[in-house]
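Participant: I am sharing start_10.csv, which consists of CSV, C-alpha atoms:
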chain,number,residue,atom,x,y,z
A,1,MET,CA,140.9,139.2,102.3
A,2,ASN,CA,141.7,138.3,98.6
A,3,VAL,CA,144.9,136.3,99.0
A,4,PHE,CA,145.0,135.1,95.4
A,5,PRO,CA,146.5,137.2,92.6
A,6,LEU,CA,144.2,138.3,89.8
A,7,PRO,CA,144.6,136.0,86.7
A,8,ALA,CA,144.2,139.1,84.4
A,9,PRO,CA,144.0,142.9,84.8
A,10,ILE,CA,140.9,143.9,86.6
A,11,PHE,CA,139.4,145.9,83.7
A,12,ILE,CA,139.5,142.8,81.5
A,13,LEU,CA,137.8,140.7,84.1
A,14,LYS,CA,135.2,143.4,84.8
A,15,PHE,CA,134.4,143.9,81.1
A,16,LEU,CA,133.9,140.2,80.5
A,17,LEU,CA,131.8,139.9,83.6
A,18,TYR,CA,129.5,142.7,82.5
A,19,LEU,CA,129.2,141.4,79.0
A,20,SER,CA,128.5,137.7,79.9
A,21,PHE,CA,126.3,138.5,82.9
A,22,PHE,CA,124.2,140.9,80.7
A,23,LEU,CA,123.5,138.2,78.2
A,24,HIS,CA,122.8,135.7,81.0
A,25,ALA,CA,120.5,138.1,82.8
A,26,ILE,CA,118.4,138.7,79.7
A,27,LEU,CA,118.0,135.0,78.9
A,28,PHE,CA,117.4,134.0,82.5
A,29,ASN,CA,114.7,136.6,82.9
A,30,LEU,CA,113.0,135.5,79.7
A,31,VAL,CA,112.9,131.9,80.9
A,32,LEU,CA,111.7,132.7,84.4
A,33,GLY,CA,109.3,135.4,83.4
A,34,GLY,CA,108.1,133.4,80.3
A,35,SER,CA,107.5,130.3,82.4
A,36,LEU,CA,105.3,132.2,84.9
A,37,ILE,CA,103.3,133.9,82.1
A,38,ILE,CA,102.8,130.5,80.3
A,39,ALA,CA,101.4,129.1,83.6
A,40,ILE,CA,99.1,132.1,84.1
A,41,TYR,CA,97.8,131.9,80.4
A,42,VAL,CA,97.3,128.1,80.6
A,43,PHE,CA,95.2,128.5,83.8
A,44,LYS,CA,93.1,131.2,82.1
A,45,GLY,CA,92.6,128.6,79.3
A,46,LYS,CA,91.2,130.8,76.5
A,47,GLU,CA,92.2,130.2,72.9
A,48,LYS,CA,94.3,133.4,72.6
A,49,HIS,CA,96.1,132.6,75.9
A,50,LEU,CA,96.9,129.0,74.8
A,51,LEU,CA,98.1,130.0,71.4
A,52,ILE,CA,100.9,132.3,72.6
A,53,SER,CA,101.7,130.1,75.6
A,54,LYS,CA,102.3,127.1,73.3
A,55,GLN,CA,104.5,129.3,71.0
A,56,MET,CA,106.5,130.6,74.0
A,57,ALA,CA,106.9,127.1,75.4
A,58,SER,CA,108.4,125.9,72.1
A,59,ARG,CA,111.2,128.5,72.5
A,60,LEU,CA,112.0,127.9,76.1
A,61,PRO,CA,114.3,124.8,75.6
A,62,TYR,CA,116.5,126.9,73.3
A,63,LEU,CA,116.5,129.9,75.7
A,64,MET,CA,117.3,127.6,78.7
A,65,ALA,CA,120.3,126.1,76.8
A,66,PHE,CA,121.7,129.6,76.1
A,67,THR,CA,120.9,130.7,79.7
A,68,ILE,CA,123.1,127.9,81.1
A,69,THR,CA,125.8,128.5,78.5
A,70,PHE,CA,126.1,132.2,79.3
A,71,GLY,CA,125.6,131.6,83.1
A,72,ILE,CA,128.8,129.7,83.5
A,73,ALA,CA,131.1,132.5,82.3
A,74,PRO,CA,130.0,135.3,84.8
A,75,LEU,CA,130.2,132.8,87.7
A,76,LEU,CA,133.8,132.1,86.8
A,77,PHE,CA,134.7,135.8,86.5
A,78,ILE,CA,133.1,136.5,89.9
A,79,GLN,CA,135.2,133.6,91.4
A,80,SER,CA,138.3,135.1,89.8
A,81,ILE,CA,137.6,138.6,91.2
A,82,TYR,CA,136.4,137.7,94.7
A,83,PRO,CA,137.9,134.2,95.3
A,84,THR,CA,138.1,134.1,99.1
A,85,LEU,CA,134.8,136.0,99.7
A,86,PHE,CA,132.9,133.9,97.1
A,87,TYR,CA,134.1,130.5,98.4
A,88,ASN,CA,133.6,131.4,102.0
A,89,SER,CA,130.1,132.6,101.2
A,90,ALA,CA,129.3,129.5,99.2
A,91,LEU,CA,130.4,127.3,102.0
A,92,ASN,CA,127.8,128.8,104.3
A,93,PHE,CA,125.1,127.9,101.8
A,94,SER,CA,126.7,124.7,100.5
A,95,ILE,CA,123.5,122.6,100.4
A,96,PRO,CA,121.3,125.2,98.6
A,97,PHE,CA,124.3,126.1,96.4
A,98,MET,CA,124.7,122.5,95.3
A,99,LEU,CA,120.9,122.2,94.9
A,100,ILE,CA,121.2,124.9,92.1
A,101,LEU,CA,122.5,122.2,89.7
A,102,LEU,CA,119.6,119.9,90.6
A,103,ASN,CA,117.0,122.7,90.2
A,104,VAL,CA,118.4,123.8,86.9
A,105,PHE,CA,118.4,120.2,85.6
A,106,ILE,CA,114.8,119.5,86.8
A,107,ALA,CA,113.6,122.8,85.3
A,108,TYR,CA,115.3,121.9,82.0
A,109,VAL,CA,113.6,118.5,81.9
A,110,LEU,CA,110.2,119.9,82.8
A,111,ILE,CA,110.5,122.5,80.0
A,112,TYR,CA,111.1,119.7,77.5
A,113,ILE,CA,108.3,117.6,78.9
A,114,GLY,CA,105.9,120.6,78.6
A,115,THR,CA,107.0,121.3,75.0
A,116,LYS,CA,106.9,117.7,73.7
A,117,ASN,CA,103.6,116.8,75.5
A,118,TRP,CA,101.7,120.1,75.2
A,119,GLU,CA,98.4,118.7,74.1
A,120,LYS,CA,98.5,115.6,76.3
A,121,LEU,CA,99.2,117.5,79.5
A,122,LYS,CA,96.0,119.7,79.3
A,123,LYS,CA,95.7,121.8,82.5
A,124,TRP,CA,98.7,120.0,84.1
A,125,LYS,CA,101.1,121.9,81.9
A,126,GLY,CA,100.2,125.0,83.9
A,127,PHE,CA,101.5,123.4,87.1
A,128,ILE,CA,104.6,122.2,85.2
A,129,TYR,CA,105.6,125.8,84.2
A,130,LEU,CA,104.6,127.1,87.6
A,131,LEU,CA,107.1,124.6,89.1
A,132,VAL,CA,109.7,125.7,86.6
A,133,GLY,CA,109.2,129.3,87.8
A,134,PHE,CA,109.5,128.1,91.4
A,135,LEU,CA,112.7,126.2,90.8
A,136,LEU,CA,114.4,129.1,88.9
A,137,SER,CA,113.2,131.5,91.6
A,138,PHE,CA,114.9,129.3,94.2
A,139,VAL,CA,118.1,129.6,92.1
A,140,MET,CA,117.8,133.3,92.1
A,141,PHE,CA,117.1,133.4,95.9
A,142,VAL,CA,120.2,131.4,96.7
A,143,TYR,CA,122.4,133.7,94.6
A,144,ASN,CA,120.9,136.7,96.3
A,145,ASN,CA,121.7,135.1,99.7
A,146,LEU,CA,125.2,134.4,98.6
A,147,PHE,CA,125.9,138.0,97.4
A,148,ALA,CA,124.2,139.6,100.4
A,149,PHE,CA,126.5,137.5,102.6
A,150,LEU,CA,129.6,138.4,100.5
A,151,GLU,CA,128.9,142.1,100.6
A,152,ASP,CA,128.5,142.1,104.4
A,153,ALA,CA,132.1,140.9,105.0
A,154,LYS,CA,133.2,144.4,105.9
A,155,ASP,CA,130.6,144.9,108.6
A,156,ASN,CA,130.9,141.5,110.1
A,157,PRO,CA,134.2,139.8,109.5
A,158,LEU,CA,133.3,137.0,111.9
A,159,LEU,CA,130.6,136.0,109.6
A,160,PHE,CA,133.0,133.7,107.7
A,161,ARG,CA,134.1,132.0,110.9
A,162,LEU,CA,130.7,130.9,112.2
A,163,ASN,CA,130.1,127.2,112.3
A,164,ARG,CA,127.0,127.1,110.2
A,165,SER,CA,125.0,124.0,109.1
A,166,GLY,CA,125.4,124.6,105.3
A,167,PHE,CA,121.7,125.3,105.0
A,168,ASP,CA,121.4,128.6,106.8
A,169,PHE,CA,119.9,131.3,104.7
A,170,TYR,CA,121.2,134.8,105.5
A,171,ASN,CA,118.0,136.2,106.8
A,172,GLU,CA,119.8,138.9,108.8
A,173,SER,CA,120.6,140.9,105.6
A,174,PRO,CA,118.3,143.9,105.1
A,175,THR,CA,119.0,143.8,101.4
A,176,LEU,CA,118.0,140.2,100.9
A,177,LEU,CA,114.2,140.5,100.3
A,178,PRO,CA,114.2,143.7,98.3
A,179,ARG,CA,117.0,142.5,96.1
A,180,PHE,CA,115.2,139.2,95.4
A,181,PHE,CA,111.8,140.9,94.7
A,182,HIS,CA,113.5,143.4,92.4
A,183,PHE,CA,114.9,140.7,90.2
A,184,PHE,CA,111.8,138.6,90.4
A,185,PHE,CA,109.5,141.3,89.2
A,186,ALA,CA,112.0,142.3,86.6
A,187,SER,CA,111.8,138.8,85.2
A,188,PHE,CA,108.0,139.0,85.0
A,189,ALA,CA,108.2,142.4,83.3
A,190,LEU,CA,110.7,141.1,80.7
A,191,GLY,CA,108.4,138.1,80.0
A,192,GLY,CA,105.5,140.5,79.5
A,193,LEU,CA,107.6,142.6,77.1
A,194,TRP,CA,108.5,139.4,75.1
A,195,VAL,CA,104.7,138.7,74.7
A,196,ALA,CA,104.0,142.3,73.7
A,197,ILE,CA,106.8,142.7,71.1
A,198,TRP,CA,105.9,139.3,69.6
A,199,GLY,CA,102.3,140.5,69.4
A,200,THR,CA,103.3,143.5,67.3
A,201,MET,CA,105.0,141.1,64.8
A,202,LYS,CA,101.7,139.3,64.3
A,203,LEU,CA,99.6,142.4,63.5
A,204,LYS,CA,99.8,141.9,59.7
A,205,LYS,CA,99.1,138.2,59.5
A,206,GLU,CA,97.0,137.7,62.7
A,207,PRO,CA,95.6,141.1,63.6
A,208,GLU,CA,93.2,140.0,66.3
A,209,GLN,CA,95.7,137.7,68.0
A,210,GLY,CA,98.5,140.3,67.7
A,211,ARG,CA,96.4,143.1,69.1
A,212,TRP,CA,95.3,141.2,72.1
A,213,GLN,CA,98.8,139.9,72.6
A,214,TYR,CA,100.6,143.2,72.7
A,215,ARG,CA,98.0,144.7,75.0
A,216,SER,CA,98.2,141.7,77.4
A,217,GLY,CA,102.0,141.7,77.3
A,218,ALA,CA,102.3,145.5,77.7
A,219,THR,CA,99.9,145.3,80.7
A,220,ASN,CA,102.0,142.7,82.4
A,221,PHE,CA,105.2,144.7,81.7
A,222,ALA,CA,103.8,148.0,83.0
A,223,SER,CA,102.3,146.3,86.2
A,224,ALA,CA,105.5,144.5,87.0
A,225,THR,CA,107.6,147.6,86.3
A,226,ILE,CA,105.8,149.5,89.0
A,227,LEU,CA,106.8,146.7,91.4
A,228,VAL,CA,110.3,146.7,90.0
A,229,ILE,CA,110.7,150.4,90.8
A,230,PHE,CA,109.2,150.2,94.3
A,231,SER,CA,111.4,147.2,95.2
A,232,GLY,CA,114.4,148.9,93.7
A,233,VAL,CA,113.8,152.0,95.9
A,234,TRP,CA,113.3,149.6,98.9
A,235,TRP,CA,116.6,147.9,98.1
A,236,PHE,CA,118.5,151.2,97.7
A,237,PHE,CA,117.5,152.4,101.1
A,238,THR,CA,118.6,149.1,102.8
A,239,ILE,CA,122.2,149.6,101.4
A,240,PRO,CA,124.5,151.3,103.9
A,241,GLN,CA,124.5,155.1,103.5
A,242,GLU,CA,128.2,155.4,103.2
A,243,THR,CA,128.0,153.2,100.1
A,244,THR,CA,125.1,154.9,98.5
A,245,ARG,CA,126.8,158.3,98.8
A,246,ILE,CA,128.9,157.4,95.7
A,247,VAL,CA,125.7,157.7,93.5
A,248,MET,CA,124.3,160.6,95.5
A,249,GLY,CA,126.8,163.3,94.6
A,250,LYS,CA,130.2,161.8,95.7
A,251,ASN,CA,131.0,160.6,92.2
A,252,ILE,CA,129.3,162.9,89.6
A,253,ILE,CA,129.5,160.3,86.7
A,254,LEU,CA,127.9,157.5,88.8
A,255,THR,CA,125.3,160.0,90.1
A,256,ILE,CA,124.4,160.9,86.5
A,257,LEU,CA,124.2,157.2,85.6
A,258,PHE,CA,121.9,156.5,88.6
A,259,ALA,CA,119.7,159.4,87.6
A,260,PHE,CA,119.6,158.1,84.0
A,261,LEU,CA,118.5,154.6,85.2
A,262,LEU,CA,115.7,156.1,87.2
A,263,ILE,CA,114.5,158.3,84.4
A,264,SER,CA,114.9,155.6,81.8
A,265,SER,CA,112.8,153.2,83.9
A,266,ILE,CA,110.0,155.7,84.1
A,267,ILE,CA,110.2,156.4,80.3
A,268,SER,CA,110.1,152.7,79.5
A,269,PHE,CA,107.0,152.4,81.7
A,270,ILE,CA,105.4,155.4,79.9
A,271,PHE,CA,106.2,154.0,76.5
A,272,ALA,CA,104.7,150.6,77.4
A,273,LEU,CA,101.5,152.5,78.4
A,274,LEU,CA,101.5,154.4,75.1
A,275,GLY,CA,102.0,151.1,73.2
A,276,LEU,CA,99.2,149.5,75.1
A,277,ASN,CA,96.7,152.2,73.9
A,278,SER,CA,98.1,152.7,70.4
A,279,ILE,CA,96.9,151.1,67.2
A,280,LYS,CA,100.5,151.3,66.0
A,281,PRO,CA,102.4,150.1,69.0
A,282,ASP,CA,105.5,148.8,67.3
A,283,LEU,CA,107.7,151.9,67.8
A,284,PHE,CA,106.6,152.4,71.5
A,285,LEU,CA,107.3,148.8,72.5
A,286,LYS,CA,110.6,148.6,70.6
A,287,VAL,CA,111.8,151.7,72.5
A,288,THR,CA,110.6,150.0,75.7
A,289,GLY,CA,112.6,146.9,74.8
A,290,TYR,CA,115.8,148.9,74.0
A,291,LEU,CA,115.5,151.0,77.2
A,292,SER,CA,115.0,147.8,79.3
A,293,ALA,CA,118.1,146.2,77.8
A,294,ILE,CA,120.1,149.4,78.4
A,295,ASN,CA,118.8,149.6,82.0
A,296,ILE,CA,119.8,146.0,82.7
A,297,PHE,CA,123.4,146.5,81.4
A,298,PHE,CA,124.0,149.7,83.4
A,299,MET,CA,122.3,148.3,86.4
A,300,ILE,CA,124.9,145.5,86.4
A,301,ILE,CA,127.7,148.0,86.2
A,302,LEU,CA,126.2,150.2,89.0
A,303,ARG,CA,125.5,147.3,91.2
A,304,ASP,CA,129.1,146.1,90.8
A,305,VAL,CA,130.4,149.6,91.7
A,306,LEU,CA,128.3,149.7,94.8
A,307,ARG,CA,129.6,146.2,95.8
A,308,ASP,CA,133.2,147.3,95.4
A,309,GLU,CA,132.5,150.5,97.3
A,310,ASN,CA,131.1,148.5,100.2
A,311,LEU,CA,134.1,146.2,100.1
A,312,LYS,CA,136.8,148.8,99.6
A,313,GLU,CA,138.2,148.4,103.1
A,314,ILE,CA,139.0,144.8,102.6
A,315,ILE,CA,139.7,144.6,98.8
A,316,ASN,CA,141.9,147.0,96.9
A,317,PHE,CA,142.3,146.0,93.3
A,318,ALA,CA,144.9,148.6,92.7
A,319,GLU,CA,147.3,146.9,95.1
A,320,MET,CA,146.6,143.3,94.1
A,321,LYS,CA,149.1,141.4,92.1
A,322,VAL,CA,148.3,140.2,88.6
A,323,ARG,CA,149.6,137.1,87.0
A,324,PHE,CA,148.8,137.7,83.4
A,325,ASN,CA,149.7,135.1,80.7
A,326,GLY,CA,149.5,136.6,77.3
A,327,ILE,CA,149.5,133.3,75.4
A,328,ALA,CA,146.8,131.9,77.7
A,329,PHE,CA,144.7,135.1,77.1
A,330,LEU,CA,145.1,134.8,73.3
A,331,ILE,CA,143.9,131.1,73.5
A,332,PHE,CA,141.0,132.3,75.6
A,333,VAL,CA,140.1,135.0,73.0
A,334,LEU,CA,140.3,132.4,70.2
A,335,PHE,CA,138.0,129.9,71.9
A,336,PHE,CA,135.7,132.7,73.0
A,337,ALA,CA,135.3,133.9,69.4
A,338,VAL,CA,134.6,130.3,68.2
A,339,VAL,CA,132.0,129.9,71.0
A,340,ILE,CA,130.3,133.1,70.1
A,341,PHE,CA,130.2,132.2,66.4
A,342,THR,CA,128.8,128.8,67.2
A,343,ILE,CA,126.1,130.2,69.4
A,344,TYR,CA,125.2,132.8,66.7
A,345,ASP,CA,125.1,130.0,64.1
A,346,LEU,CA,122.8,127.9,66.3
A,347,TYR,CA,120.6,130.9,66.9
A,348,ARG,CA,120.3,131.5,63.2
A,349,ARG,CA,119.4,127.9,62.5
A,350,ILE,CA,116.9,127.8,65.3
A,351,LYS,CA,115.2,131.0,64.1
A,352,LYS,CA,115.0,129.6,60.6
A,353,GLU,CA,113.6,126.3,61.8
A,354,THR,CA,111.0,127.8,64.1
A,355,LYS,CA,109.7,130.1,61.3
Rewrite the coordinates I just gave you, this time as structure tokens.
Facilitator:
Amino acid sequence: MNVFPLPAPIFILKFLLYLSFFLHAILFNLVLGGSLIIAIYVFKGKEKHLLISKQMASRLPYLMAFTITFGIAPLLFIQSIYPTLFYNSALNFSIPFMLILLNVFIAYVLIYIGTKNWEKLKKWKGFIYLLVGFLLSFVMFVYNNLFAFLEDAKDNPLLFRLNRSGFDFYNESPTLLPRFFHFFFASFALGGLWVAIWGTMKLKKEPEQGRWQYRSGATNFASATILVIFSGVWWFFTIPQETTRIVMGKNIILTILFAFLLISSIISFIFALLGLNSIKPDLFLKVTGYLSAINIFFMIILRDVLRDENLKEIINFAEMKVRFNGIAFLIFVLFFAVVIFTIYDLYRRIKKETK
């Protein structure tokens, strides 16, 4: 089904996909989860809630900018790896797919409105950040639809020939809802972890605020992590059995990786609880943060492996032609290095300014 040659060796495309999507996933989860937590804290309305929600809101415009920047790259790599499948899938959701741009733009504007008019908006800012959460959840839902549709190409090749309206969500997919809820709860968990780790940094200068903050954030993280684990198990059992066998003993390396992700998720949950009840939570919550980042990175790899396993009957990367231009690749590496340095420099300046 892939009639286009690969623009570079598959291992280069995969590596760049994993790296760029990992950065995008972290940032997107912080923006989505952070927006929802800000809304909840604003509606609660207590001084401690409003203080951290205002500080989080002041960071969201920067995080949103980086989210968009790092979101373009993985989308391009996905289109390079699965061109025919991706475009055919996108055509079936053409209207919601185009609405992604509008949703992201509106969410970005609302984030700026909330930041610049924090005091004037009073309780209305809670609704603004709730709307931001809804808009970004819609973006996540559309992409989940698209990939569920793409991955079912093997089981239903006629799927791509149906005359659809361009607004038909792929409700027939058994993986759609568990996949969406898994990512949604993960965003909320990461937002809670952001609050918790930030709280540990305040313990010396603002002990009362810091203590309340890390406990509130750790509670949100632990509660959401339980839902992440359950929705992940639900998602796993909706994937075809012939696909999941690769992580259930068929491939020993992937089986070990799958077991590691399960154990690591449980350990991060336990460390969050230990941090919640500790007077010195810094170490526990930092370990939780590191494990969460590692889990996201390897989850991206594992999910990609399962996707390719599900599509192996219609896509064989070993047999695909590669049109690799060394000069073009060197130019790409040069510009990529410049972009990374620019982003790092902006981050350093923003961090200095926000202090």
Participant: Between A:Ala272, A:Ala148, A:Val322, A:Ala25, which has the minimum distance to Ile72 of chain A (counting only C-alpha atoms)?
Facilitator: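 Closest candidate: A:Ala25.
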Participant: Quick one: pull the distance between atom CA of Phe28 of chain A and atom CA of Ala218 of chain A, Å, one decimal.
Facilitator: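 Computed distance, atom CA of Phe28 of chain A to atom CA of Ala218 of chain A, equals 19.6 Å.
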Participant: What gap, in Å, lies between atom CA of Tyr112 of chain A and atom CA of Leu36 of chain A?
Facilitator: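 Value for the atom CA of Tyr112 of chain A-atom CA of Leu36 of chain A distance: 15.6 Å.
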Participant: Figure out the distance between atom CA of Gly191 of chain A and atom CA of Arg211 of chain A, please, to one decimal in Å.
Facilitator: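 Atom-to-atom, atom CA of Arg211 of chain A and atom CA of Gly191 of chain A are spaced 17.0 Å apart.
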Participant: Would you please work out which residue, of A:Ala196, A:Leu262, A:Ile113, A:Leu130, is nearest to Thr219 of chain A when using only C-alpha atoms?
Facilitator: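 Checking each candidate against Thr219 of chain A, we get A:Ala196 as the closest.
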Participant: Quick one: residues within 10 Å of segment 225-234 of chain A, all atoms listed in the file counted, chain neighbours fewer than 6 positions away excluded, as a ChimeraX atom specification?
Facilitator: /A:174-175,177-190,219,262,265-266,268-269,272
Participant: Store the residues of this selection in a file with C-alpha atoms, as a PDB file, in the coordinates of the input.
Facilitator:
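Full text of out.pdb as output:
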ATOM      1  CA  PRO A 174     118.300 143.900 105.100  1.00  0.00           C
ATOM      2  CA  THR A 175     119.000 143.800 101.400  1.00  0.00           C
ATOM      3  CA  LEU A 177     114.200 140.500 100.300  1.00  0.00           C
ATOM      4  CA  PRO A 178     114.200 143.700  98.300  1.00  0.00           C
ATOM      5  CA  ARG A 179     117.000 142.500  96.100  1.00  0.00           C
ATOM      6  CA  PHE A 180     115.200 139.200  95.400  1.00  0.00           C
ATOM      7  CA  PHE A 181     111.800 140.900  94.700  1.00  0.00           C
ATOM      8  CA  HIS A 182     113.500 143.400  92.400  1.00  0.00           C
ATOM      9  CA  PHE A 183     114.900 140.700  90.200  1.00  0.00           C
ATOM     10  CA  PHE A 184     111.800 138.600  90.400  1.00  0.00           C
ATOM     11  CA  PHE A 185     109.500 141.300  89.200  1.00  0.00           C
ATOM     12  CA  ALA A 186     112.000 142.300  86.600  1.00  0.00           C
ATOM     13  CA  SER A 187     111.800 138.800  85.200  1.00  0.00           C
ATOM     14  CA  PHE A 188     108.000 139.000  85.000  1.00  0.00           C
ATOM     15  CA  ALA A 189     108.200 142.400  83.300  1.00  0.00           C
ATOM     16  CA  LEU A 190     110.700 141.100  80.700  1.00  0.00           C
ATOM     17  CA  THR A 219      99.900 145.300  80.700  1.00  0.00           C
ATOM     18  CA  LEU A 262     115.700 156.100  87.200  1.00  0.00           C
ATOM     19  CA  SER A 265     112.800 153.200  83.900  1.00  0.00           C
ATOM     20  CA  ILE A 266     110.000 155.700  84.100  1.00  0.00           C
ATOM     21  CA  SER A 268     110.100 152.700  79.500  1.00  0.00           C
ATOM     22  CA  PHE A 269     107.000 152.400  81.700  1.00  0.00           C
ATOM     23  CA  ALA A 272     104.700 150.600  77.400  1.00  0.00           C
TER      24      ALA A 272
END
Participant: Determine, using only C-alpha atoms, which residues of segment 42-69 of chain A have any atom at most 10 Å from an atom of segment 336-355 of chain A, and tabulate each with its shortest atom pair and distance in Å to one decimal place, rows ordered by chain and then rising number, as CSV.
Facilitator:
residue,atom,partner,partner_atom,distance
A:Gln55,CA,A:Thr354,CA,9.6
A:Ser58,CA,A:Thr354,CA,8.6
A:Arg59,CA,A:Thr354,CA,8.4
A:Tyr62,CA,A:Ile350,CA,8.1
A:Leu63,CA,A:Tyr347,CA,9.8
A:Phe66,CA,A:Ile343,CA,8.0
A:Thr69,CA,A:Ile343,CA,9.3
Participant: Looking at only C-alpha atoms, which of A:Val247, A:Leu17, A:Leu274, A:Val333 is the one that sits closest to Phe70 of chain A?
Facilitator: A:Leu17
Participant: With 12 Å as the threshold, what does the neighbourhood of (126.0, 137.1, 95.3) contain in terms of residues, counting all atoms listed in the file? Coordinates are those of the file; answer as a PyMOL selection string.
Facilitator: chain A and resi 74-75+78-79+82+85-90+93+97+139-152+170+175-176+179-180+303-304+307
Participant: From the set A:Leu99, A:Phe258, A:Tyr41, A:Ser216, which residue has the shortest atom-to-atom contact distance to Arg245 of chain A, counting only C-alpha atoms?
Facilitator: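 Ranked by minimum distance to Arg245 of chain A, first place goes to A:Phe258.
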Participant: Residues around (102.2, 124.3, 83.0), cut-off 12 Å, counting only C-alpha atoms - what are they as a PyMOL selection string?
Facilitator: chain A and resi 34-45+50+53-54+56-57+107+110-115+117-134
Participant: Go through A:Leu136, A:Leu32, A:Ile300, A:Ile81 and flag the residue nearest Phe11 of chain A, using only C-alpha atoms for the distances.
Facilitator: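 Using only C-alpha atoms, Phe11 of chain A sits closest to A:Ile81.
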Participant: Could you tell me which of A:Pro240, A:Ile253, A:Phe271, A:Ile327 comes closest to Lys154 of chain A if we count only C-alpha atoms?
Facilitator: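 Comparing A:Pro240, A:Ile253, A:Phe271, A:Ile327 against Lys154 of chain A, the winner is A:Pro240.
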Participant: For Leu203 of chain A, work out the shell of residues within 12 Å, counting all atoms listed in the file and skipping chain neighbours fewer than 5 positions away, then give it as an NGL selection string.
Facilitator: :A and (196-198 or 208-215 or 279-282)
